[in-house]
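Peer 1: This one is input_10.txt, compact mmCIF, N, CA and C atoms.
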```txt
# COMPACT_ATOMS: atom_id res chain seq x y z
N MET A 1 102.04 42.23 111.30
CA MET A 1 101.48 43.34 110.57
C MET A 1 102.60 44.19 109.97
N LEU A 2 103.63 44.42 110.73
CA LEU A 2 104.75 45.21 110.19
C LEU A 2 105.41 44.51 109.01
N ARG A 3 105.54 43.21 109.10
CA ARG A 3 106.12 42.46 107.98
C ARG A 3 105.27 42.67 106.73
N PHE A 4 103.94 42.65 106.89
CA PHE A 4 103.06 42.88 105.76
C PHE A 4 103.25 44.29 105.20
N ILE A 5 103.35 45.27 106.07
CA ILE A 5 103.51 46.66 105.63
C ILE A 5 104.78 46.82 104.79
N TYR A 6 105.86 46.17 105.24
CA TYR A 6 107.14 46.32 104.54
C TYR A 6 107.31 45.40 103.33
N THR A 7 106.73 44.20 103.39
CA THR A 7 106.95 43.24 102.31
C THR A 7 105.72 42.96 101.47
N GLY A 8 104.54 43.25 101.99
CA GLY A 8 103.31 42.93 101.27
C GLY A 8 102.93 41.47 101.41
N LYS A 9 103.62 40.75 102.29
CA LYS A 9 103.34 39.32 102.50
C LYS A 9 102.98 39.08 103.96
N ALA A 10 102.17 38.07 104.18
CA ALA A 10 101.78 37.71 105.54
C ALA A 10 102.02 36.21 105.72
N THR A 11 103.02 35.86 106.49
CA THR A 11 103.31 34.45 106.75
C THR A 11 102.50 33.98 107.96
N ASN A 12 102.24 32.68 108.00
CA ASN A 12 101.45 32.08 109.09
C ASN A 12 100.11 32.77 109.28
N LEU A 13 99.51 33.20 108.20
CA LEU A 13 98.26 33.94 108.27
C LEU A 13 97.15 33.13 108.92
N GLU A 14 97.11 31.82 108.62
CA GLU A 14 96.04 30.99 109.16
C GLU A 14 96.06 30.94 110.69
N LYS A 15 97.22 31.14 111.30
CA LYS A 15 97.33 31.10 112.76
C LYS A 15 97.00 32.44 113.41
N MET A 16 97.19 33.53 112.67
CA MET A 16 97.03 34.86 113.25
C MET A 16 95.92 35.68 112.59
N ALA A 17 95.14 35.07 111.75
CA ALA A 17 94.17 35.83 110.95
C ALA A 17 93.19 36.62 111.80
N ASP A 18 92.75 36.05 112.91
CA ASP A 18 91.77 36.77 113.73
C ASP A 18 92.36 38.04 114.35
N ASP A 19 93.57 37.93 114.89
CA ASP A 19 94.22 39.12 115.46
C ASP A 19 94.62 40.12 114.39
N LEU A 20 95.11 39.61 113.27
CA LEU A 20 95.51 40.50 112.18
C LEU A 20 94.32 41.22 111.55
N LEU A 21 93.17 40.56 111.54
CA LEU A 21 91.97 41.21 111.00
C LEU A 21 91.64 42.45 111.82
N ALA A 22 91.73 42.33 113.13
CA ALA A 22 91.46 43.48 114.00
C ALA A 22 92.45 44.61 113.73
N ALA A 23 93.72 44.27 113.60
CA ALA A 23 94.74 45.29 113.34
C ALA A 23 94.56 45.91 111.95
N ALA A 24 94.27 45.07 110.96
CA ALA A 24 94.07 45.56 109.59
C ALA A 24 92.88 46.51 109.53
N ASP A 25 91.83 46.20 110.27
CA ASP A 25 90.66 47.07 110.31
C ASP A 25 91.01 48.39 111.00
N LYS A 26 91.70 48.31 112.11
CA LYS A 26 92.06 49.51 112.88
C LYS A 26 92.93 50.46 112.07
N TYR A 27 93.89 49.90 111.31
CA TYR A 27 94.82 50.74 110.57
C TYR A 27 94.50 50.86 109.08
N ALA A 28 93.30 50.44 108.71
CA ALA A 28 92.81 50.57 107.33
C ALA A 28 93.74 49.94 106.30
N LEU A 29 94.23 48.75 106.60
CA LEU A 29 95.05 47.99 105.65
C LEU A 29 94.11 47.03 104.91
N GLU A 30 93.45 47.54 103.90
CA GLU A 30 92.39 46.79 103.22
C GLU A 30 92.87 45.48 102.61
N ARG A 31 94.03 45.49 102.00
CA ARG A 31 94.53 44.25 101.37
C ARG A 31 94.78 43.17 102.43
N LEU A 32 95.37 43.55 103.55
CA LEU A 32 95.59 42.60 104.64
C LEU A 32 94.27 42.13 105.22
N LYS A 33 93.32 43.02 105.32
CA LYS A 33 92.00 42.66 105.84
C LYS A 33 91.34 41.60 104.95
N VAL A 34 91.43 41.78 103.64
CA VAL A 34 90.87 40.81 102.70
C VAL A 34 91.59 39.47 102.83
N MET A 35 92.90 39.52 102.96
CA MET A 35 93.67 38.28 103.12
C MET A 35 93.26 37.53 104.40
N CYS A 36 93.04 38.28 105.47
CA CYS A 36 92.61 37.67 106.73
C CYS A 36 91.21 37.07 106.59
N GLU A 37 90.32 37.79 105.93
CA GLU A 37 88.97 37.28 105.70
C GLU A 37 89.02 35.97 104.94
N GLU A 38 89.84 35.92 103.89
CA GLU A 38 89.96 34.69 103.09
C GLU A 38 90.49 33.53 103.93
N ALA A 39 91.51 33.80 104.76
CA ALA A 39 92.08 32.75 105.61
C ALA A 39 91.05 32.25 106.62
N LEU A 40 90.27 33.15 107.16
CA LEU A 40 89.25 32.75 108.13
C LEU A 40 88.12 31.97 107.45
N CYS A 41 87.77 32.34 106.23
CA CYS A 41 86.73 31.62 105.48
C CYS A 41 87.15 30.17 105.22
N VAL A 42 88.40 30.00 104.83
CA VAL A 42 88.92 28.67 104.52
C VAL A 42 88.90 27.77 105.76
N ASN A 43 89.10 28.37 106.92
CA ASN A 43 89.20 27.60 108.15
C ASN A 43 87.92 27.59 108.99
N LEU A 44 86.78 27.93 108.38
CA LEU A 44 85.52 27.89 109.12
C LEU A 44 85.20 26.45 109.54
N SER A 45 84.74 26.30 110.76
CA SER A 45 84.34 24.99 111.26
C SER A 45 83.13 25.18 112.18
N THR A 46 82.50 24.08 112.53
CA THR A 46 81.36 24.19 113.44
C THR A 46 81.78 24.80 114.77
N GLU A 47 83.00 24.52 115.20
CA GLU A 47 83.48 25.02 116.49
C GLU A 47 83.77 26.52 116.49
N ASN A 48 84.23 27.07 115.37
CA ASN A 48 84.62 28.48 115.38
C ASN A 48 83.66 29.39 114.62
N ALA A 49 82.62 28.87 114.04
CA ALA A 49 81.73 29.67 113.19
C ALA A 49 81.11 30.85 113.93
N ALA A 50 80.65 30.64 115.14
CA ALA A 50 80.03 31.73 115.90
C ALA A 50 81.05 32.81 116.23
N ASP A 51 82.25 32.39 116.64
CA ASP A 51 83.30 33.37 116.96
C ASP A 51 83.73 34.15 115.72
N VAL A 52 83.81 33.48 114.59
CA VAL A 52 84.18 34.15 113.34
C VAL A 52 83.09 35.15 112.94
N LEU A 53 81.83 34.79 113.14
CA LEU A 53 80.74 35.71 112.83
C LEU A 53 80.82 36.95 113.70
N ILE A 54 81.09 36.79 114.98
CA ILE A 54 81.23 37.93 115.88
C ILE A 54 82.41 38.80 115.44
N LEU A 55 83.53 38.17 115.12
CA LEU A 55 84.72 38.90 114.68
C LEU A 55 84.42 39.69 113.40
N ALA A 56 83.76 39.06 112.46
CA ALA A 56 83.41 39.73 111.20
C ALA A 56 82.51 40.93 111.46
N ASP A 57 81.56 40.78 112.36
CA ASP A 57 80.65 41.88 112.68
C ASP A 57 81.40 43.03 113.35
N LEU A 58 82.28 42.72 114.26
CA LEU A 58 83.02 43.76 114.98
C LEU A 58 83.94 44.57 114.08
N HIS A 59 84.44 43.94 113.02
CA HIS A 59 85.43 44.61 112.17
C HIS A 59 84.91 44.90 110.76
N SER A 60 83.61 44.92 110.60
CA SER A 60 82.98 45.27 109.32
C SER A 60 83.54 44.48 108.15
N ALA A 61 83.74 43.19 108.38
CA ALA A 61 84.24 42.29 107.34
C ALA A 61 83.03 41.63 106.69
N ASP A 62 82.41 42.33 105.76
CA ASP A 62 81.13 41.90 105.19
C ASP A 62 81.20 40.56 104.46
N GLN A 63 82.26 40.34 103.70
CA GLN A 63 82.39 39.08 102.97
C GLN A 63 82.53 37.91 103.95
N LEU A 64 83.34 38.09 104.96
CA LEU A 64 83.52 37.06 105.98
C LEU A 64 82.22 36.81 106.74
N LYS A 65 81.51 37.87 107.03
CA LYS A 65 80.24 37.76 107.75
C LYS A 65 79.24 36.95 106.92
N ALA A 66 79.16 37.23 105.64
CA ALA A 66 78.24 36.50 104.76
C ALA A 66 78.62 35.02 104.69
N GLN A 67 79.92 34.73 104.59
CA GLN A 67 80.37 33.34 104.54
C GLN A 67 80.08 32.62 105.85
N ALA A 68 80.29 33.30 106.97
CA ALA A 68 80.04 32.69 108.28
C ALA A 68 78.56 32.39 108.45
N ILE A 69 77.71 33.31 108.04
CA ILE A 69 76.26 33.08 108.14
C ILE A 69 75.85 31.92 107.26
N GLU A 70 76.37 31.87 106.04
CA GLU A 70 76.05 30.76 105.14
C GLU A 70 76.51 29.43 105.75
N PHE A 71 77.72 29.41 106.31
CA PHE A 71 78.24 28.19 106.94
C PHE A 71 77.35 27.78 108.11
N ILE A 72 76.98 28.75 108.94
CA ILE A 72 76.12 28.45 110.10
C ILE A 72 74.80 27.89 109.65
N ASN A 73 74.20 28.47 108.62
CA ASN A 73 72.91 27.98 108.15
C ASN A 73 73.01 26.60 107.51
N THR A 74 74.13 26.31 106.88
CA THR A 74 74.33 25.00 106.26
C THR A 74 74.56 23.92 107.31
N HIS A 75 75.21 24.29 108.42
CA HIS A 75 75.55 23.33 109.48
C HIS A 75 74.85 23.70 110.80
N ALA A 76 73.62 24.19 110.70
CA ALA A 76 72.93 24.76 111.86
C ALA A 76 72.84 23.81 113.05
N THR A 77 72.50 22.57 112.80
CA THR A 77 72.32 21.63 113.91
C THR A 77 73.59 21.46 114.71
N ASP A 78 74.72 21.32 114.03
CA ASP A 78 75.99 21.13 114.73
C ASP A 78 76.48 22.42 115.39
N VAL A 79 76.33 23.55 114.70
CA VAL A 79 76.81 24.81 115.24
C VAL A 79 76.04 25.19 116.50
N MET A 80 74.74 24.93 116.51
CA MET A 80 73.92 25.29 117.66
C MET A 80 74.30 24.55 118.92
N GLU A 81 75.04 23.47 118.81
CA GLU A 81 75.47 22.71 119.97
C GLU A 81 76.78 23.23 120.58
N THR A 82 77.44 24.15 119.90
CA THR A 82 78.75 24.62 120.37
C THR A 82 78.61 25.67 121.47
N GLN A 83 79.64 25.78 122.25
CA GLN A 83 79.68 26.80 123.31
C GLN A 83 79.69 28.19 122.71
N GLY A 84 80.37 28.37 121.58
CA GLY A 84 80.41 29.67 120.92
C GLY A 84 79.03 30.18 120.55
N TRP A 85 78.19 29.30 120.02
CA TRP A 85 76.82 29.67 119.65
C TRP A 85 76.03 30.05 120.89
N LYS A 86 76.16 29.24 121.94
CA LYS A 86 75.41 29.49 123.17
C LYS A 86 75.81 30.83 123.80
N SER A 87 77.08 31.16 123.75
CA SER A 87 77.49 32.45 124.31
C SER A 87 77.10 33.60 123.38
N MET A 88 77.07 33.35 122.06
CA MET A 88 76.65 34.39 121.12
C MET A 88 75.18 34.76 121.32
N ILE A 89 74.37 33.81 121.73
CA ILE A 89 72.96 34.09 121.99
C ILE A 89 72.84 35.18 123.06
N GLN A 90 73.69 35.09 124.07
CA GLN A 90 73.67 36.08 125.15
C GLN A 90 74.36 37.39 124.78
N SER A 91 75.50 37.29 124.12
CA SER A 91 76.31 38.49 123.90
C SER A 91 76.00 39.25 122.61
N HIS A 92 75.54 38.57 121.58
CA HIS A 92 75.28 39.20 120.28
C HIS A 92 73.98 38.68 119.66
N PRO A 93 72.84 38.91 120.31
CA PRO A 93 71.57 38.37 119.78
C PRO A 93 71.22 38.90 118.39
N HIS A 94 71.70 40.08 118.03
CA HIS A 94 71.40 40.62 116.70
C HIS A 94 72.01 39.74 115.60
N LEU A 95 73.11 39.05 115.90
CA LEU A 95 73.71 38.16 114.90
C LEU A 95 72.88 36.89 114.74
N ILE A 96 72.27 36.43 115.81
CA ILE A 96 71.36 35.28 115.72
C ILE A 96 70.20 35.66 114.80
N ALA A 97 69.68 36.87 114.98
CA ALA A 97 68.58 37.34 114.14
C ALA A 97 69.02 37.45 112.68
N GLU A 98 70.23 37.93 112.43
CA GLU A 98 70.72 38.03 111.04
C GLU A 98 70.86 36.65 110.40
N ALA A 99 71.39 35.70 111.16
CA ALA A 99 71.55 34.34 110.63
C ALA A 99 70.19 33.74 110.33
N PHE A 100 69.23 33.95 111.22
CA PHE A 100 67.89 33.40 110.99
C PHE A 100 67.22 34.08 109.80
N ARG A 101 67.40 35.38 109.69
CA ARG A 101 66.82 36.11 108.55
C ARG A 101 67.38 35.58 107.23
N ALA A 102 68.68 35.32 107.21
CA ALA A 102 69.31 34.78 106.00
C ALA A 102 68.77 33.39 105.69
N LEU A 103 68.57 32.59 106.72
CA LEU A 103 68.03 31.25 106.53
C LEU A 103 66.60 31.30 106.01
N ALA A 104 65.81 32.19 106.59
CA ALA A 104 64.40 32.30 106.22
C ALA A 104 64.20 32.84 104.81
N THR A 105 65.14 33.62 104.33
CA THR A 105 64.95 34.24 103.01
C THR A 105 65.65 33.48 101.89
N GLN A 106 66.26 32.35 102.21
CA GLN A 106 66.89 31.56 101.14
C GLN A 106 65.81 31.11 100.17
N GLN A 107 66.14 31.20 98.90
CA GLN A 107 65.19 30.78 97.86
C GLN A 107 65.42 29.31 97.55
N ILE A 108 64.63 28.47 98.18
CA ILE A 108 64.75 27.03 97.97
C ILE A 108 63.57 26.59 97.10
N PRO A 109 63.85 26.02 95.94
CA PRO A 109 62.75 25.59 95.08
C PRO A 109 61.98 24.44 95.72
N PRO A 110 60.68 24.36 95.49
CA PRO A 110 59.90 23.26 96.06
C PRO A 110 60.35 21.92 95.48
N ILE A 111 60.21 20.89 96.26
CA ILE A 111 60.60 19.55 95.82
C ILE A 111 59.38 18.88 95.20
N GLY A 112 59.54 18.44 93.97
CA GLY A 112 58.45 17.75 93.29
C GLY A 112 57.39 18.70 92.78
N PRO A 113 56.37 18.13 92.15
CA PRO A 113 55.29 18.97 91.62
C PRO A 113 54.44 19.54 92.76
N PRO A 114 53.81 20.68 92.52
CA PRO A 114 52.97 21.24 93.57
C PRO A 114 51.79 20.32 93.87
N ARG A 115 51.39 20.29 95.12
CA ARG A 115 50.28 19.42 95.52
C ARG A 115 48.96 20.05 95.12
N LYS A 116 48.03 19.19 94.75
CA LYS A 116 46.69 19.68 94.42
C LYS A 116 45.89 19.75 95.70
N ARG A 117 45.08 20.78 95.78
CA ARG A 117 44.22 20.91 96.95
C ARG A 117 43.02 20.00 96.81
N ILE A 118 42.66 19.38 97.87
CA ILE A 118 41.49 18.50 97.87
C ILE A 118 40.29 19.35 98.25
N LYS A 119 39.26 19.28 97.40
CA LYS A 119 38.06 20.07 97.67
C LYS A 119 37.24 19.35 98.74
N ALA A 120 36.75 20.13 99.66
CA ALA A 120 35.91 19.58 100.73
C ALA A 120 34.53 19.25 100.16
N SER A 121 33.98 18.13 100.58
CA SER A 121 32.64 17.75 100.11
C SER A 121 31.59 18.61 100.78
N PRO A 122 30.56 19.04 100.00
CA PRO A 122 29.51 19.89 100.58
C PRO A 122 28.55 19.15 101.45
```
What is this file in structure tokens?
Peer 2:
Amino acid sequence: MLRFIYTGKATNLEKMADDLLAAADKYALERLKVMCEEALCVNLSTENAADVLILADLHSADQLKAQAIEFINTHATDVMETQGWKSMIQSHPHLIAEAFRALATQQIPPIGPPRKRIKASP
């Protein structure tokens, strides 16, 4: 963090992004916070998606939170099998609700022509 403050650069960001995000949020270093969010977005995986979502929520990283929710909804079956997801159910149930709300409100166009209703015979 000090290197960033003095030089404006962050080396090895992909390895320290989670810790640096917390520090950037605490000390209001918005540019560093954005850089950390971007590094975490690039490295989202089924294994870390739940932890990244919790981290984003804790540090008001809205862009990262949106990306994590989108990733979770896209890879829901795999993410739900991870230990991170299972522990998030217990520790942060409001995030499960947010992810489900995002999934439920996605605008997915219907596939094919609409079905015709069959009239019941009298």
Peer 1: What does the distance from atom CA of Asp18 of chain A to atom CA of Lys86 of chain A come to in Å, to one decimal?
Peer 2: 20.2 Å
Peer 1: Rounded to one decimal in Å, what is the spacing between atom CA of Phe4 of chain A and atom C of Asn48 of chain A?
Peer 2: 25.2 Å
Peer 1: Counting only N, CA and C atoms, which residues come within 7 Å of (80.2, 28.5, 113.7), with the point read in the file's coordinates, and could you list them as number ranges by chain?
Peer 2: A: 44-53, 68, 71-72, 79, 85
Peer 1: Select, from A:Thr82, A:Thr74, A:Ala10, A:Gln63, the residue with the minimum atom-to-atom distance to Glu38 of chain A, counting only N, CA and C atoms.
Peer 2: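 Once distances to Glu38 of chain A are computed over only N, CA and C atoms, the minimum belongs to A:Gln63.
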Peer 1: Please, what distance in Å, to one decimal, runs between atom N of Lys9 of chain A and atom N of Cys41 of chain A?
Peer 2: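 About the pair atom N of Lys9 of chain A and atom N of Cys41 of chain A: they are 18.4 Å apart.
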Peer 1: Using all atoms listed in the file, which of the listed residues (A:Leu103, A:Gln83, A:Ile96, A:Gln90) sits closest to Glu70 of chain A?
Peer 2: A:Leu103
Peer 1: Extract the full set of helix (DSSP H, G or I) residues from segment 9-121 of chain A according to DSSP on the backbone, and format it as a PyMOL selection string.
Peer 2: chain A and resi 13-26+30-42+49-58+62-74+76-79+83-91+93-104
Peer 1: From the set A:Glu81, A:Met35, A:Ile69, A:Ser87, which residue has the shortest atom-to-atom contact distance to Ala99 of chain A, counting all atoms listed in the file?
Peer 2: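 Of A:Glu81, A:Met35, A:Ile69, A:Ser87, the one nearest Ala99 of chain A is A:Ile69, counting all atoms listed in the file.
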Peer 1: Could you pull out every residue with an atom within 6.5 Å of (86.1, 37.9, 109.6), file coordinates, counting all atoms listed in the file, and send them as a PyMOL selection string?
Peer 2: chain A and resi 36-37+40+52-53+55-57+61+64-65
Peer 1: Compare A:Ala66, A:Met1, A:Met80, A:His59 by their minimum atom-to-atom distance to Asp25 of chain A, counting all atoms listed in the file, and give me the closest one.
Peer 2: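 The answer is A:His59, which sits nearest to Asp25 of chain A.
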Peer 1: Find the smallest box with edges along x, y and z containing every listed atom of segment 48-54 of chain A, then add 4 Å on each side and report centre and edge lengths in Å to one decimal, as AutoDock Vina command-line options.
Peer 2:
```
--center_x 82.3 --center_y 32.9 --center_z 114.9 --size_x 12.6 --size_y 19.7 --size_z 12.1
```
